[in-house]
>>> print(open('target-v3.txt').read())   # compact mmCIF, C-alpha atoms and all ligand atoms
# COMPACT_ATOMS: atom_id res chain seq x y z
CA MET A 1 3.52 8.01 -25.87
CA LYS A 2 4.48 4.54 -24.64
CA ALA A 3 2.23 2.76 -22.15
CA MET A 4 2.04 -0.74 -20.67
CA ALA A 5 -1.56 -1.64 -21.52
CA TYR A 6 -3.90 -4.61 -21.16
CA ASP A 7 -7.50 -5.24 -22.18
CA ARG A 8 -8.25 -8.62 -20.59
CA TYR A 9 -8.01 -9.82 -17.02
CA GLY A 10 -5.33 -12.43 -16.52
CA SER A 11 -1.66 -12.66 -15.72
CA ALA A 12 1.32 -10.45 -16.60
CA GLU A 13 1.22 -12.02 -20.09
CA GLN A 14 -1.73 -9.70 -20.84
CA LEU A 15 0.47 -6.61 -20.58
CA ARG A 16 1.78 -5.13 -23.83
CA LEU A 17 3.96 -2.12 -24.56
CA GLU A 18 1.80 0.09 -26.81
CA GLU A 19 1.85 3.50 -28.42
CA ILE A 20 -1.23 5.43 -27.25
CA ASP A 21 -2.37 9.07 -27.37
CA GLN A 22 -0.88 11.31 -24.72
CA PRO A 23 -3.68 12.36 -22.33
CA ILE A 24 -4.69 16.01 -22.04
CA PRO A 25 -5.30 17.44 -18.56
CA GLY A 26 -8.86 18.63 -18.00
CA PRO A 27 -10.15 21.05 -15.34
CA GLY A 28 -8.46 20.40 -12.00
CA GLU A 29 -5.96 17.97 -13.54
CA ILE A 30 -2.24 17.97 -14.26
CA LEU A 31 -0.17 16.07 -16.80
CA VAL A 32 2.88 14.42 -15.22
CA ARG A 33 5.92 12.98 -16.98
CA VAL A 34 6.35 9.84 -14.91
CA VAL A 35 9.89 9.32 -13.55
CA ALA A 36 9.13 6.43 -11.17
CA SER A 37 6.10 4.35 -10.33
CA ALA A 38 5.50 1.52 -7.87
CA VAL A 39 3.73 -1.80 -8.18
CA ASN A 40 1.14 -2.37 -5.50
CA SER A 41 -1.33 -5.07 -4.59
CA TRP A 42 -4.17 -3.11 -6.17
CA ASP A 43 -2.42 -3.31 -9.59
CA TRP A 44 -2.10 -7.05 -9.09
CA HIS A 45 -5.80 -7.36 -8.15
CA LEU A 46 -6.84 -5.31 -11.18
CA LEU A 47 -4.61 -7.29 -13.54
CA HIS A 48 -6.02 -10.58 -12.29
CA GLY A 49 -9.63 -9.33 -12.13
CA MET A 50 -10.33 -10.14 -8.50
CA PHE A 51 -13.88 -10.04 -7.13
CA PHE A 52 -14.02 -6.43 -5.82
CA GLU A 53 -12.14 -5.08 -8.82
CA ARG A 54 -14.59 -6.72 -11.26
CA LEU A 55 -17.45 -5.34 -9.19
CA MET A 56 -16.04 -1.81 -9.30
CA PHE A 57 -14.03 -1.63 -12.53
CA GLY A 58 -15.63 -3.90 -15.12
CA ALA A 59 -17.14 -7.35 -14.67
CA PHE A 60 -15.79 -8.84 -17.90
CA ARG A 61 -13.14 -6.44 -19.15
CA PRO A 62 -10.99 -3.92 -17.29
CA GLN A 63 -12.32 -0.37 -17.34
CA TYR A 64 -8.80 1.13 -17.25
CA GLN A 65 -6.25 -0.18 -19.75
CA VAL A 66 -3.11 1.18 -18.08
CA LEU A 67 -2.34 0.19 -14.50
CA GLY A 68 -0.04 1.92 -12.03
CA SER A 69 -1.40 4.23 -9.36
CA GLU A 70 1.57 5.34 -7.27
CA ILE A 71 3.79 7.72 -9.24
CA ALA A 72 6.43 10.40 -8.91
CA GLY A 73 7.40 12.70 -11.76
CA VAL A 74 7.57 16.19 -13.21
CA VAL A 75 4.58 18.35 -14.12
CA ASP A 76 4.42 18.78 -17.90
CA ALA A 77 1.19 20.79 -18.20
CA VAL A 78 -1.67 21.93 -16.00
CA GLY A 79 -5.38 21.96 -16.78
CA PRO A 80 -7.83 24.84 -16.32
CA GLY A 81 -8.28 25.96 -12.70
CA VAL A 82 -5.05 24.45 -11.37
CA THR A 83 -3.08 27.05 -9.42
CA GLU A 84 -0.99 25.03 -6.96
CA PHE A 85 1.19 23.24 -9.53
CA ASN A 86 3.26 24.56 -12.43
CA PRO A 87 5.14 22.90 -15.29
CA GLY A 88 8.53 21.74 -14.01
CA ASP A 89 7.34 21.01 -10.43
CA GLU A 90 8.43 17.67 -8.98
CA VAL A 91 5.35 15.87 -7.70
CA PHE A 92 4.11 12.49 -6.48
CA GLY A 93 0.72 11.05 -5.72
CA ASP A 94 -2.05 8.56 -6.18
CA LEU A 95 -3.89 7.86 -9.44
CA SER A 96 -6.59 5.58 -8.00
CA THR A 97 -9.15 8.39 -8.30
CA SER A 98 -7.76 9.46 -11.69
CA GLY A 99 -8.32 6.21 -13.59
CA TRP A 100 -4.83 4.73 -12.95
CA GLY A 101 -2.40 5.12 -15.93
CA GLY A 102 0.95 5.30 -14.08
CA PHE A 103 2.70 2.61 -16.15
CA ALA A 104 3.16 5.06 -19.03
CA GLU A 105 5.41 7.92 -20.11
CA TYR A 106 2.81 10.50 -19.07
CA ALA A 107 -0.16 10.32 -16.72
CA VAL A 108 -3.05 12.67 -16.14
CA CYS A 109 -3.79 13.15 -12.44
CA ARG A 110 -6.35 14.95 -10.32
CA SER A 111 -4.36 17.75 -8.74
CA ASP A 112 -5.97 17.11 -5.35
CA SER A 113 -4.41 13.62 -5.29
CA MET A 114 -0.90 14.94 -5.87
CA ALA A 115 1.68 16.69 -3.68
CA HIS A 116 4.98 18.50 -4.17
CA LYS A 117 7.90 16.11 -3.79
CA PRO A 118 10.55 17.34 -1.35
CA ALA A 119 13.89 17.79 -3.15
CA ASP A 120 15.68 15.49 -0.69
CA VAL A 121 13.34 12.53 -1.33
CA SER A 122 14.18 10.56 -4.49
CA PHE A 123 11.56 9.88 -7.15
CA GLU A 124 11.93 6.16 -6.40
CA HIS A 125 11.23 6.60 -2.68
CA ALA A 126 8.39 9.05 -3.34
CA ALA A 127 6.64 6.57 -5.65
CA THR A 128 6.42 4.00 -2.83
CA LEU A 129 4.44 6.24 -0.48
CA PRO A 130 1.13 7.56 -1.85
CA GLN A 131 -0.95 4.48 -1.04
CA SER A 132 1.24 2.23 1.09
CA GLY A 133 2.47 5.08 3.30
CA LEU A 134 -1.02 6.41 3.89
CA LEU A 135 -2.40 2.95 4.56
CA ALA A 136 0.35 2.36 7.13
CA LEU A 137 -0.17 5.73 8.80
CA HIS A 138 -3.97 5.59 8.86
CA CYS A 139 -4.02 2.07 10.31
CA LEU A 140 -1.54 3.01 13.04
CA ARG A 141 -3.66 6.07 13.84
CA GLU A 142 -6.51 3.77 14.89
CA ARG A 143 -4.46 3.41 18.09
CA TRP A 144 -1.40 5.67 17.78
CA PRO A 145 1.45 3.76 19.48
CA ASP A 146 3.26 6.60 21.25
CA ARG A 147 2.90 5.58 24.91
CA ALA A 148 5.98 4.04 26.52
CA GLY A 149 5.81 0.27 26.12
CA ASP A 150 3.02 0.26 23.54
CA ARG A 151 2.89 -3.07 21.77
CA VAL A 152 2.08 -3.29 18.06
CA LEU A 153 1.69 -6.46 16.00
CA ILE A 154 1.71 -6.28 12.21
CA ASN A 155 0.41 -9.35 10.40
CA GLY A 156 1.66 -9.39 6.79
CA ALA A 157 4.48 -7.06 7.80
CA GLY A 158 6.83 -7.93 4.96
CA GLY A 159 4.88 -6.18 2.20
CA ALA A 160 4.47 -2.57 1.14
CA ALA A 161 2.29 -1.15 3.93
CA GLY A 162 3.73 -3.40 6.64
CA THR A 163 7.38 -2.41 6.17
CA LEU A 164 6.42 1.27 6.42
CA ALA A 165 4.11 0.72 9.42
CA LEU A 166 6.89 -1.17 11.21
CA GLN A 167 9.29 1.73 10.78
CA ILE A 168 6.75 4.38 11.79
CA ALA A 169 5.82 2.42 14.92
CA LYS A 170 9.49 1.95 15.85
CA HIS A 171 10.11 5.65 15.23
CA LEU A 172 7.33 6.38 17.76
CA GLY A 173 9.03 4.08 20.29
CA ALA A 174 6.67 1.10 20.14
CA HIS A 175 7.60 -2.54 20.68
CA VAL A 176 6.79 -4.21 17.35
CA THR A 177 6.06 -7.84 16.51
CA CYS A 178 6.04 -8.70 12.81
CA VAL A 179 4.35 -11.73 11.26
CA ASP A 180 5.08 -12.92 7.73
CA HIS A 181 6.59 -15.91 6.02
CA GLY A 182 10.08 -17.09 6.91
CA GLY A 183 11.88 -15.59 3.91
CA LYS A 184 10.98 -12.06 4.97
CA LEU A 185 11.84 -12.25 8.66
CA GLU A 186 15.52 -11.29 8.34
CA MET A 187 14.56 -8.15 6.42
CA LEU A 188 11.95 -7.31 9.09
CA ARG A 189 14.58 -7.70 11.83
CA SER A 190 16.89 -5.39 9.90
CA LEU A 191 14.10 -2.78 9.78
CA GLY A 192 13.80 -2.87 13.57
CA ALA A 193 11.22 -5.57 14.41
CA ASP A 194 11.57 -6.64 18.05
CA ILE A 195 9.93 -10.04 17.52
CA VAL A 196 9.36 -11.88 14.24
CA ILE A 197 6.94 -14.75 13.71
CA ASP A 198 6.77 -17.09 10.71
CA TYR A 199 3.05 -17.54 10.05
CA GLN A 200 3.70 -20.90 8.42
CA ARG A 201 5.19 -22.27 11.66
CA ASP A 202 3.69 -20.31 14.56
CA ASP A 203 0.33 -18.82 15.45
CA TYR A 204 0.56 -15.19 16.56
CA THR A 205 -2.76 -15.44 18.39
CA ARG A 206 -1.37 -18.18 20.69
CA THR A 207 1.90 -16.68 21.94
CA GLY A 208 0.31 -15.35 25.13
CA GLU A 209 1.34 -11.77 24.20
CA ARG A 210 -1.30 -9.01 24.28
CA HIS A 211 -1.02 -6.07 21.88
CA ASP A 212 -2.42 -2.55 22.01
CA LEU A 213 -2.73 -2.50 18.23
CA ILE A 214 -2.91 -5.30 15.70
CA PHE A 215 -2.54 -4.07 12.13
CA ASP A 216 -3.70 -6.93 9.91
CA VAL A 217 -2.61 -6.53 6.30
CA SER A 218 -3.66 -10.05 5.44
CA SER A 219 -6.61 -11.07 7.59
CA HIS A 220 -7.25 -14.79 7.83
CA ARG A 221 -8.45 -15.20 11.44
CA GLY A 222 -11.75 -14.99 13.29
CA ILE A 223 -12.55 -12.39 15.91
CA LEU A 224 -12.09 -14.76 18.87
CA ASP A 225 -8.59 -15.63 17.62
CA VAL A 226 -7.42 -12.03 17.28
CA ARG A 227 -9.12 -11.12 20.59
CA ARG A 228 -6.71 -13.49 22.37
CA ALA A 229 -3.77 -11.38 21.13
CA LEU A 230 -5.34 -7.99 22.00
CA ALA A 231 -4.94 -5.99 25.22
CA PRO A 232 -8.28 -5.38 27.04
CA ASP A 233 -8.62 -1.95 25.37
CA GLY A 234 -6.69 -2.92 22.24
CA VAL A 235 -7.54 -2.13 18.64
CA TYR A 236 -7.58 -4.57 15.73
CA VAL A 237 -7.50 -2.89 12.32
CA MET A 238 -7.62 -4.88 9.12
CA THR A 239 -7.00 -3.59 5.63
CA GLY A 240 -6.79 -6.66 3.43
CA GLY A 241 -7.44 -10.36 3.06
CA PRO A 242 -9.98 -12.55 1.30
CA VAL A 243 -13.38 -11.00 0.54
CA SER A 244 -15.01 -13.40 3.02
CA ARG A 245 -12.84 -11.97 5.86
CA ILE A 246 -13.66 -8.37 4.93
CA VAL A 247 -17.40 -9.11 4.86
CA TYR A 248 -17.08 -11.06 8.13
CA PHE A 249 -15.37 -8.21 10.00
CA GLY A 250 -17.72 -5.66 8.42
CA LEU A 251 -20.67 -7.55 9.95
CA ILE A 252 -19.18 -8.60 13.25
CA ALA A 253 -17.29 -5.42 14.27
CA PRO A 254 -20.39 -3.35 15.20
CA ILE A 255 -21.77 -6.26 17.27
CA ALA A 256 -18.43 -6.78 19.05
CA ALA A 257 -18.27 -3.05 19.86
CA ARG A 258 -21.40 -3.45 22.04
CA ILE A 259 -20.00 -6.21 24.21
CA ASP A 260 -16.21 -5.74 24.26
CA ARG A 261 -13.92 -2.82 25.12
CA ARG A 262 -11.63 -3.92 22.32
CA THR A 263 -12.17 -2.29 18.92
CA TYR A 264 -12.32 -4.15 15.61
CA THR A 265 -12.27 -2.07 12.47
CA ILE A 266 -11.63 -2.12 8.70
CA ARG A 267 -9.56 0.64 7.14
CA THR A 268 -9.64 1.40 3.43
CA HIS A 269 -7.18 3.55 1.58
CA THR A 270 -8.00 7.29 1.36
CA PHE A 271 -5.76 10.01 0.01
CA ASN A 272 -4.85 12.91 2.30
CA ARG A 273 -2.10 15.29 1.25
CA ASP A 274 -1.14 16.45 4.77
CA ASP A 275 -0.84 12.85 5.95
CA LEU A 276 1.21 11.89 2.89
CA MET A 277 3.56 14.77 3.66
CA TRP A 278 3.85 13.58 7.28
CA VAL A 279 5.16 10.20 6.08
CA THR A 280 7.32 11.79 3.38
CA ASP A 281 8.90 14.20 5.88
CA ARG A 282 9.92 11.17 7.98
CA VAL A 283 11.62 9.77 4.85
CA ALA A 284 13.29 13.12 4.12
CA ALA A 285 14.59 13.20 7.71
CA GLY A 286 16.03 9.68 7.35
CA GLU A 287 13.74 8.38 10.10
CA ILE A 288 12.15 5.79 7.82
CA THR A 289 13.40 4.33 4.55
CA PRO A 290 11.03 2.66 2.10
CA ALA A 291 12.05 -0.98 1.63
CA ILE A 292 12.58 -1.41 -2.10
CA ASP A 293 13.16 -5.05 -3.01
CA ARG A 294 13.85 -4.53 -6.73
CA THR A 295 13.69 -1.79 -9.33
CA TYR A 296 12.70 -2.50 -12.92
CA SER A 297 12.87 -0.56 -16.16
CA PHE A 298 9.56 0.54 -17.66
CA GLU A 299 9.73 -2.20 -20.34
CA ASP A 300 9.97 -4.77 -17.54
CA VAL A 301 6.65 -3.97 -15.82
CA PRO A 302 5.35 -7.48 -16.77
CA GLU A 303 8.47 -8.98 -15.13
CA ALA A 304 7.76 -6.94 -11.98
CA LEU A 305 4.18 -8.24 -11.84
CA ARG A 306 5.42 -11.79 -12.39
CA TYR A 307 7.73 -11.37 -9.40
CA PHE A 308 4.81 -9.91 -7.40
CA ASP A 309 2.94 -13.12 -8.24
CA THR A 310 5.53 -15.22 -6.38
CA GLY A 311 4.68 -13.65 -3.00
CA GLU A 312 8.42 -13.21 -2.38
CA VAL A 313 8.48 -9.40 -2.64
CA LYS A 314 10.04 -7.79 0.42
CA GLY A 315 8.53 -4.32 0.72
CA LYS A 316 8.01 -2.65 -2.63
CA LEU A 317 8.81 -2.94 -6.36
CA VAL A 318 9.68 0.28 -8.17
CA ILE A 319 9.60 1.01 -11.91
CA VAL A 320 12.09 3.54 -13.24
CA HIS A 321 10.67 5.12 -16.42
N1 LIG B 1 -2.73 -0.30 -2.97
C1 LIG B 1 -2.65 -0.38 -1.69
O1 LIG B 1 -1.63 -0.12 -1.11
C2 LIG B 1 -3.89 -0.76 -0.99
C3 LIG B 1 -4.96 0.08 -0.99
C4 LIG B 1 -6.07 -0.31 -0.26
C5 LIG B 1 -6.07 -1.53 0.39
N2 LIG B 1 -5.01 -2.35 0.30
C6 LIG B 1 -5.04 -3.64 0.94
O2 LIG B 1 -4.13 -3.57 2.00
C7 LIG B 1 -3.37 -4.74 2.06
C8 LIG B 1 -1.90 -4.34 2.23
O3 LIG B 1 -1.35 -4.06 1.05
P1 LIG B 1 0.20 -4.25 0.79
O4 LIG B 1 0.41 -3.41 -0.42
O5 LIG B 1 1.04 -4.03 1.98
O6 LIG B 1 0.26 -5.82 0.42
P2 LIG B 1 1.53 -6.69 0.08
O7 LIG B 1 2.69 -5.84 -0.28
O8 LIG B 1 1.07 -7.74 -0.88
O9 LIG B 1 1.88 -7.40 1.48
C9 LIG B 1 1.07 -8.37 2.07
C10 LIG B 1 1.96 -9.24 2.96
O10 LIG B 1 1.14 -10.17 3.67
C11 LIG B 1 1.78 -11.44 3.66
N3 LIG B 1 0.83 -12.52 3.87
C12 LIG B 1 0.11 -13.23 2.96
N4 LIG B 1 -0.66 -14.15 3.58
C13 LIG B 1 -0.41 -14.02 4.91
C14 LIG B 1 -0.92 -14.68 6.05
N5 LIG B 1 -1.81 -15.67 5.97
N6 LIG B 1 -0.47 -14.29 7.25
C15 LIG B 1 0.45 -13.30 7.37
N7 LIG B 1 0.96 -12.62 6.31
C16 LIG B 1 0.52 -12.99 5.09
C17 LIG B 1 2.42 -11.49 2.29
O11 LIG B 1 3.45 -12.44 2.28
P3 LIG B 1 3.39 -13.78 1.38
O12 LIG B 1 2.23 -13.70 0.44
O13 LIG B 1 4.69 -13.77 0.70
O14 LIG B 1 3.28 -14.90 2.33
C18 LIG B 1 2.97 -10.05 2.18
O15 LIG B 1 4.25 -9.95 2.75
C19 LIG B 1 -3.69 -5.58 0.83
O16 LIG B 1 -4.40 -6.72 1.24
C20 LIG B 1 -4.60 -4.70 -0.01
O17 LIG B 1 -5.71 -5.42 -0.51
C21 LIG B 1 -3.91 -1.97 -0.36
>>> encode(input="target-v3.txt", output="structure tokens")
Amino acid sequence: MKAMAYDRYGSAEQLRLEEIDQPIPGPGEILVRVVASAVNSWDWHLLHGMFFERLMFGAFRPQYQVLGSEIAGVVDAVGPGVTEFNPGDEVFGDLSTSGWGGFAEYAVCRSDSMAHKPADVSFEHAATLPQSGLLALHCLRERWPDRAGDRVLINGAGGAAGTLALQIAKHLGAHVTCVDHGGKLEMLRSLGADIVIDYQRDDYTRTGERHDLIFDVSSHRGILDVRRALAPDGVYVMTGGPVSRIVYFGLIAPIAARIDRRTYTIRTHTFNRDDLMWVTDRVAAGEITPAIDRTYSFEDVPEALRYFDTGEVKGKLVIVH
């Protein structure tokens, strides 16, 4: 089968279209013919060999040769012990606990990281949800914005998780402020943002507004800065940013919890099928629509990652296989 493989950390130039053996599903696994996959920031980090990824997935060379962890497709075969899926089922899910492999014709997936795709959700939309949708939902759940007048701020709102979180929060009736760079603000307005802030021109921690929830996709500020923008019982949840920021909040959050009613927390991505279906049902009902900036053919995965490199991506990039 065809796969977009790499064996050295670097840029998109490392990716090559190769013929490799089709994987065979083991116990608890299914083989999926991939119809659509999505590019996410984790693929980019793995391609470039960022600090955490080298720590976890190979210091000098990548452990997994085929990237791509958000997929939607059709079950081709099931491994021993799998009863909930059958060949021909339309499915979608997350390969980050299955060794990646989504940028290929076929991918082997742990069945407990996959779900049945509703017929009225396209493969392209389904592929955008398994990580980004869950990240958005789980971060919002740190302080579910469903009280009248709840104020949510999303920093880094123009990317994959942010555009979904914005729409979920608006669907719940929240007032949403979105922060990202100027080129993404029009798109964020069109998705329902009440206030947009260009982080290159204005400082969201100095507007005088207090928020019940700050969802920080791209954390670059200290705790005293974000505290200024939080309501007295507000919650700050971060999910990404430089390693130094993640370590900083990991150390400081438990100390802050002893002296402040505000909550500061880090959320990492975890798969949960019921939660994924909650987000997907909102898509099926037309309540939220994944923001897809561009779609690429499978052969153009390197082009998609090059575009990801520019930082201009609005929402998500989808690969049609
Ligand atoms: N695979 C996943 O979905 C996954 C899983 C676990 C954790 N995470 C983490 O969760 C985070 C969210 O992922 P994502 O997929 O939504 O990322 P994404 O699509 O890359 O979006 C990040 C957004 O943040 C913006 N940004 C960059 N620097 C900023 C700054 N200083 N202030 C405000 N905004 C800034 C980016 O815009 P510009 O760069 O164009 O300015 C971009 O629009 C990532 O940091 C990732 O490490 C992701």
>>> residues_around(input="target-v3.txt", residues="Glu29 of chain A", least_positions_apart="2", cutoff="7 Å", atoms="only C-alpha atoms", output="VMD selection string")
chain A and resid 25 to 27 31 78 to 79 82 108 to 111
>>> closest_residue(input="target-v3.txt", among="A:Pro23, A:Gly241, A:Pro254, A:Pro290", to="Ala127 of chain A", atoms="only C-alpha atoms")
A:Pro290
>>> closest_residue(input="target-v3.txt", among="A:Val121, A:Leu95, A:Leu172, A:Leu55", to="Gly149 of chain A", atoms="all atoms listed in the file")
A:Leu172
>>> closest_residue(input="target-v3.txt", among="A:Arg147, A:Arg8, A:Arg16, A:Lys2", to="Val34 of chain A", atoms="only C-alpha atoms")
A:Lys2
>>> residues_near_ligand(input="target-v3.txt", ligand="ligand LIG 1 (chain B)", cutoff="7 Å", atoms="only C-alpha atoms and all ligand atoms", output="VMD selection string")
chain A and resid 40 to 42 131 to 132 135 155 to 162 179 to 181 199 217 to 220 239 to 241 268 to 269 311 to 316
>>> atom_distance(input="target-v3.txt", atom1="atom CA of Leu164 of chain A", atom2="atom CA of Phe51 of chain A")
26.9 Å
>>> closest_residue(input="target-v3.txt", among="A:Asp293, A:Val66, A:Arg201, A:Leu153", to="Val226 of chain A", atoms="all atoms listed in the file")
A:Leu153
>>> closest_residue(input="target-v3.txt", among="A:Ala59, A:Ala126, A:Ala36, A:Val74", to="Arg282 of chain A", atoms="all atoms listed in the file")
A:Ala126
>>> build_atoms(input="target-v3.txt", residues="segment 95-124 of chain A", atoms="N, CA and C atoms", output="mmCIF file, in the frame of the given file")
data_model
loop_
_atom_site.group_PDB
_atom_site.id
_atom_site.type_symbol
_atom_site.label_atom_id
_atom_site.label_comp_id
_atom_site.auth_asym_id
_atom_site.auth_seq_id
_atom_site.Cartn_x
_atom_site.Cartn_y
_atom_site.Cartn_z
ATOM 1 N N LEU A 95 -3.014 7.779 -8.271
ATOM 2 C CA LEU A 95 -3.890 7.860 -9.440
ATOM 3 C C LEU A 95 -5.163 7.027 -9.307
ATOM 4 N N SER A 96 -5.438 6.495 -8.096
ATOM 5 C CA SER A 96 -6.590 5.580 -8.000
ATOM 6 C C SER A 96 -7.926 6.321 -8.107
ATOM 7 N N THR A 97 -7.906 7.650 -8.005
ATOM 8 C CA THR A 97 -9.150 8.390 -8.300
ATOM 9 C C THR A 97 -9.032 9.119 -9.648
ATOM 10 N N SER A 98 -7.961 8.822 -10.383
ATOM 11 C CA SER A 98 -7.760 9.460 -11.690
ATOM 12 C C SER A 98 -7.786 8.443 -12.820
ATOM 13 N N GLY A 99 -8.236 7.227 -12.532
ATOM 14 C CA GLY A 99 -8.320 6.210 -13.590
ATOM 15 C C GLY A 99 -7.009 5.473 -13.829
ATOM 16 N N TRP A 100 -6.137 5.394 -12.822
ATOM 17 C CA TRP A 100 -4.830 4.730 -12.950
ATOM 18 C C TRP A 100 -4.028 5.346 -14.119
ATOM 19 N N GLY A 101 -3.149 4.595 -14.779
ATOM 20 C CA GLY A 101 -2.400 5.120 -15.930
ATOM 21 C C GLY A 101 -0.941 5.434 -15.625
ATOM 22 N N GLY A 102 -0.425 4.963 -14.480
ATOM 23 C CA GLY A 102 0.950 5.300 -14.080
ATOM 24 C C GLY A 102 2.026 4.547 -14.837
ATOM 25 N N PHE A 103 1.687 3.354 -15.411
ATOM 26 C CA PHE A 103 2.700 2.610 -16.150
ATOM 27 C C PHE A 103 2.730 3.132 -17.596
ATOM 28 N N ALA A 104 3.133 4.393 -17.725
ATOM 29 C CA ALA A 104 3.160 5.060 -19.030
ATOM 30 C C ALA A 104 4.172 6.196 -18.956
ATOM 31 N N GLU A 105 4.461 6.792 -20.123
ATOM 32 C CA GLU A 105 5.410 7.920 -20.110
ATOM 33 C C GLU A 105 4.806 9.135 -19.423
ATOM 34 N N TYR A 106 3.508 9.357 -19.668
ATOM 35 C CA TYR A 106 2.810 10.500 -19.070
ATOM 36 C C TYR A 106 1.520 10.001 -18.428
ATOM 37 N N ALA A 107 1.109 10.680 -17.357
ATOM 38 C CA ALA A 107 -0.160 10.320 -16.720
ATOM 39 C C ALA A 107 -0.910 11.599 -16.366
ATOM 40 N N VAL A 108 -2.223 11.536 -16.535
ATOM 41 C CA VAL A 108 -3.050 12.670 -16.140
ATOM 42 C C VAL A 108 -3.575 12.379 -14.736
ATOM 43 N N CYS A 109 -3.475 13.376 -13.847
ATOM 44 C CA CYS A 109 -3.790 13.150 -12.440
ATOM 45 C C CYS A 109 -4.676 14.272 -11.916
ATOM 46 N N ARG A 110 -5.616 13.923 -11.062
ATOM 47 C CA ARG A 110 -6.350 14.950 -10.320
ATOM 48 C C ARG A 110 -5.359 15.689 -9.438
ATOM 49 N N SER A 111 -5.384 17.009 -9.496
ATOM 50 C CA SER A 111 -4.360 17.750 -8.740
ATOM 51 C C SER A 111 -4.542 17.569 -7.241
ATOM 52 N N ASP A 112 -5.777 17.278 -6.799
ATOM 53 C CA ASP A 112 -5.970 17.110 -5.350
ATOM 54 C C ASP A 112 -5.507 15.749 -4.831
ATOM 55 N N SER A 113 -4.993 14.894 -5.734
ATOM 56 C CA SER A 113 -4.410 13.620 -5.290
ATOM 57 C C SER A 113 -2.891 13.629 -5.474
ATOM 58 N N MET A 114 -2.341 14.831 -5.668
ATOM 59 C CA MET A 114 -0.900 14.940 -5.870
ATOM 60 C C MET A 114 -0.314 15.902 -4.832
ATOM 61 N N ALA A 115 0.993 15.804 -4.637
ATOM 62 C CA ALA A 115 1.680 16.690 -3.680
ATOM 63 C C ALA A 115 3.046 17.049 -4.254
ATOM 64 N N HIS A 116 3.621 18.149 -3.760
ATOM 65 C CA HIS A 116 4.980 18.500 -4.170
ATOM 66 C C HIS A 116 5.964 17.534 -3.519
ATOM 67 N N LYS A 117 6.891 17.030 -4.324
ATOM 68 C CA LYS A 117 7.900 16.110 -3.790
ATOM 69 C C LYS A 117 9.040 16.916 -3.179
ATOM 70 N N PRO A 118 9.393 16.644 -1.914
ATOM 71 C CA PRO A 118 10.550 17.340 -1.350
ATOM 72 C C PRO A 118 11.808 17.016 -2.163
ATOM 73 N N ALA A 119 12.693 17.992 -2.319
ATOM 74 C CA ALA A 119 13.890 17.790 -3.150
ATOM 75 C C ALA A 119 14.782 16.685 -2.594
ATOM 76 N N ASP A 120 14.770 16.495 -1.261
ATOM 77 C CA ASP A 120 15.680 15.490 -0.690
ATOM 78 C C ASP A 120 15.060 14.104 -0.572
ATOM 79 N N VAL A 121 13.913 13.889 -1.226
ATOM 80 C CA VAL A 121 13.340 12.530 -1.330
ATOM 81 C C VAL A 121 13.422 12.132 -2.804
ATOM 82 N N SER A 122 14.005 10.980 -3.086
ATOM 83 C CA SER A 122 14.180 10.560 -4.490
ATOM 84 C C SER A 122 12.819 10.248 -5.124
ATOM 85 N N PHE A 123 12.787 10.266 -6.451
ATOM 86 C CA PHE A 123 11.560 9.880 -7.150
ATOM 87 C C PHE A 123 11.178 8.438 -6.795
ATOM 88 N N GLU A 124 12.193 7.572 -6.688
ATOM 89 C CA GLU A 124 11.930 6.160 -6.400
ATOM 90 C C GLU A 124 11.276 6.011 -5.023
#
